[in-house]
Every structure is written in structure tokens, then in C-alpha cells.
Amino acid sequence: ARGRRMATAAQHRVFAPRVSRASPARRPHRVVAARAAAPAAPTGAWNLDGCPDGIILSLARRLEAEWTRLPNVRDAPCAPELKSVDATAPDGDPATRIRIENLCLQTDAFRKMHLEVAWGLGGLEVLHCVIYPWAEVAAPIFAADLVAFGGRVTLCIADASPCADDLSLPRQYVDASNALRKSMLASCPAIEPRPLPDWGVAILSPEACVCVGPPKEDFPAQTQTSAFVKYLESLHGVHLLLATKIGEGYGGGTSARARAQRRFCEKQLLNDKTKRVLERSMGVALTDRYMREVLFDVTANTPTGKDARCLGLPTERFL
């Protein structure tokens with residue numbers, strides 16, 4: 001039974017109908033800016049109108065509240081046409097419509113705090129969160145995903161992804177994650193953490209990463225999911241607290257940590273199933289831009305710290 005419930009993040013993110021090979025006469029994808037007709041949004045804002053109520057929306061709102069209380073928080077750069085997306089396949093099938101909203105913020109410790117909420121495709125809901133420190137900050141990357149279909153969460157994963165070549169974490173993170181994992185299992189003994197997904201073995205922490213595939217029997221109470229979400233939020237809080245307190249030695253220096261962040265993004269971009277489901281609604285070109293510029297954007301040219309912090313835009317309503 002355990003084997004039947006095991007799944008990877010890549011498998012769970014795909015719920016669109018099977019796509020036939022495109023023909024030359026195919027109509028273009030219908031992609032509109034979700035707030036195109038609205039007045040200019042205040043900095044830091046996003047539009048979650050229409051997102052189904054439930055665990056994913058509630059968690060997104062709580063994470064947003066935590067971020068907007070951080071010192072000197074500001075908008076991180078994000079192209080408007082990628083920040084808010086409303087896309088449908090060329091045939092107009094409503095089951096292919098996807099709505100994506102992104103919150104992208106920045107602080108003096110974190111180059112990019114990215115929170116994505118997506119919904120549509122006949123019942124899919126996704127929360128994707130990555131917090132990239134500036135590479136000059138000796139800290140790992142916080143990463144988390146929740147995937148649901150029809151309100152039932154089917155995959156949960158949270159990690160402090162190492163920025164060290166040996167996939168080690170600072171001792172403070174290891175101690176905290178061990179304690180939090182024990183607390184999660186004590187509150188919900190039925191949880192059976194899954195092995196790391198195949199795509200994540202080279203980038204996720206064997207010490208902090210928790211991957212759970214709640215069985216269908218967990219719905220609608222979602223007891224296992226709720227216990228996991230407590231782990232996710234607690235690990236997130238540890239990251240916000242410890243990221244600037246580790247010391248310069250972790251990860252081997254700024255250049256080495258920058259390489260580790262690039263490796264994280266390169267491995268994530270190998271997730272072809274996520275790419276294909278986005279392409280169904282958004283088209284190839286926009287999907288490629290979205291994955292490389294919004295989801296996993298670290299390259300050799302990505303700023304590493306102080307000299308680039310002016311790229312952030314002051315978020316006055318949070319200061």
C-alpha cells in the first residue's frame with residue numbers, strides 16, 4: 001500500500017488532459033494579464049480572487065503576512081506579464097484554464113522571496129514557495145510545495161535546501177528540523193514521510209526535507225496535511241530567524257553558494273512534467289520564460305549581494 005501512495009512532485013503537478021501533437025494551423029494560446037483592466041496595483045500586492053478556499057489559500061495568506069512584517073521589505077523585480085497570468089489552451093477548453101499569482105519580495109537578507117499560488121486545470125491547486133538568500137548570506141534556500149486536486153492535498157514537501165556541495169546544513173538548521181520533525185510525528189503518528197523525489201536527490205537536504213503524500217483517507221479532515229503544514233511554517237520561521245546568524249563559513253563562500261543556488265535551479269528546470277502542463281495553457285515560449293525568470297531564476301549573472309540591492313523597489317505600505 002505504501003508503494004501505491006508514493007509519488008513525486010513532478011507526478012502530482014500534472015492533472016491536465018493528455019495533449020495531442022500540435023498542428024501548424026493551431027490557434028495561439030490565450031494569455032492575458034489577470035489584472036490588465038485594473039488600476040496599477042500597490043507594491044507587494046497580488047490578486048487571489050477566485051482561488052478556492054482551503055489549506056493552500058490560508059497558508060499563502062499566513063506566509064504573506066510573515067513576509068510583509070520583515071524589516072526593509074520591498075518588491076523584487078518581476079515582469080508584469082509573468083507575475084499575474086490567466087491562460088487557456090488554443091481550443092478554449094475551460095479545463096485548460098490556469099490562473100497564476102506570484103508574490104515576489106526582497107529584503108537585505110533575501111534576494112528573492114517567491115510565493116506562487118496557481119489554480120485551475122479542472123481542480124488543481126498549487127502553492128510553491130522558494131526563499132533565495134543573497135549568495136553573500138551564508139544560508140540555505142527554503143523551498144516548499146503543496147499540491148491539491150479538488151481540495152484534497154496529495155503532495156507536501158518542505159526543505160531547507162543546502163547551499164553546500166556536500167548537501168550539509170548548518171548545525172542550527174539540523175537541530176531545529178530534527179526537533180520539528182519529531183513534533184510533527186508525535187502530533188500525527190499516522191504520517192509516513194516519503195523518500196526524496198528522484199528530481200530532488202541532488203539538491204534537497206537528507207536532514208531537513210520532509211515529503212509526504214497524504215492518502216485519500218486523510219480527506220476531508222486532512223489531519224496529516226495539517227500536521228505537515230505546521231512543520232512547514234515552523235521550518236520557515238526558523239529560516240527567517242537564522243538566515244543571517246550562521247556565519248560566513250557555511251557553503252564555502254559567496255561564489256560557492258552562488259553555484260549551489262544555480263544547481264538548485266538547474267535541477268528544478270529538469271522537471272519536464274511541470275513544463276508540459278504549463279505549456280498546454282501558456283504555450284512554449286511563455287512557459288520557458290516563466291520557469292527561468294520567475295520560478296528558478298538563478299544564473300551566472302544573478303547578483304550576489306550588496307551591489308545589487310538597489311534592484312528592489314521600496315514597499316512603502318509595509319515600512
# chains A, B, ... in the order shown; residues from 1 in each chain; ligands from 1
$ select_by_dssp --residues "range 236-287 of chain A" --states "alpha helix (DSSP H)" --output "number ranges by chain"
A: 236-242, 254-268, 272-282, 284-287
$ atom_distance --atom1 "CA of Thr244 in chain A" --atom2 "CA of Arg74 in chain A"
17.8 Å
$ select_by_dssp --residues "range 22-191 of chain A" --states "strand (DSSP E)" --output "PyMOL selection string"
chain A and resi 30-33+74-75+84-88+98-106+110-120+124-133+141-149+152-161
$ residues_around --residues "Tyr290 in chain A" --least-positions-apart "5" --cutoff "9 Å" --atoms "only C-alpha atoms" --output "count of residues only"
5
$ closest_residue --among "A:Val229, A:Ala243, A:Ala118, A:Ala202" --to "Gln172 in chain A" --atoms "only C-alpha atoms"
A:Ala243
$ closest_atom_pairs --of "range 116-233 of chain A" --to "range 46-69 of chain A" --cutoff "10 Å" --atoms "only C-alpha atoms" --output "tab-separated table"
residue	atom	partner	partner_atom	distance
A:Glu116	CA	A:Ala60	CA	8.4
A:Val117	CA	A:Ala60	CA	7.5
A:Ala118	CA	A:Cys51	CA	7.9
A:Trp119	CA	A:Cys51	CA	6.4
A:Gly120	CA	A:Cys51	CA	8.6
A:Gly123	CA	A:Pro52	CA	9.2
A:Leu124	CA	A:Pro52	CA	9.8
A:Glu125	CA	A:Ile56	CA	7.4
A:Val126	CA	A:Ile56	CA	7.2
A:Leu127	CA	A:Ile56	CA	6.2
A:His128	CA	A:Ala60	CA	9.3
A:Cys129	CA	A:Ala60	CA	9.1
A:Asp145	CA	A:Ile56	CA	9.8
A:Leu146	CA	A:Ile56	CA	7.1
A:Val147	CA	A:Ile56	CA	8.3
A:Ala148	CA	A:Ile56	CA	8.1
A:Gly150	CA	A:Pro52	CA	9.3
A:Gly151	CA	A:Gly54	CA	6.8
A:Arg152	CA	A:Ile55	CA	9.1
A:Val153	CA	A:Ile55	CA	8.3
A:Gln222	CA	A:Ile55	CA	9.1
A:Thr225	CA	A:Ile55	CA	8.6
A:Ser226	CA	A:Ile55	CA	8.1
A:Val229	CA	A:Leu59	CA	8.0
A:Lys230	CA	A:Leu59	CA	10.0
A:Leu232	CA	A:Leu59	CA	9.8
A:Glu233	CA	A:Leu63	CA	7.9
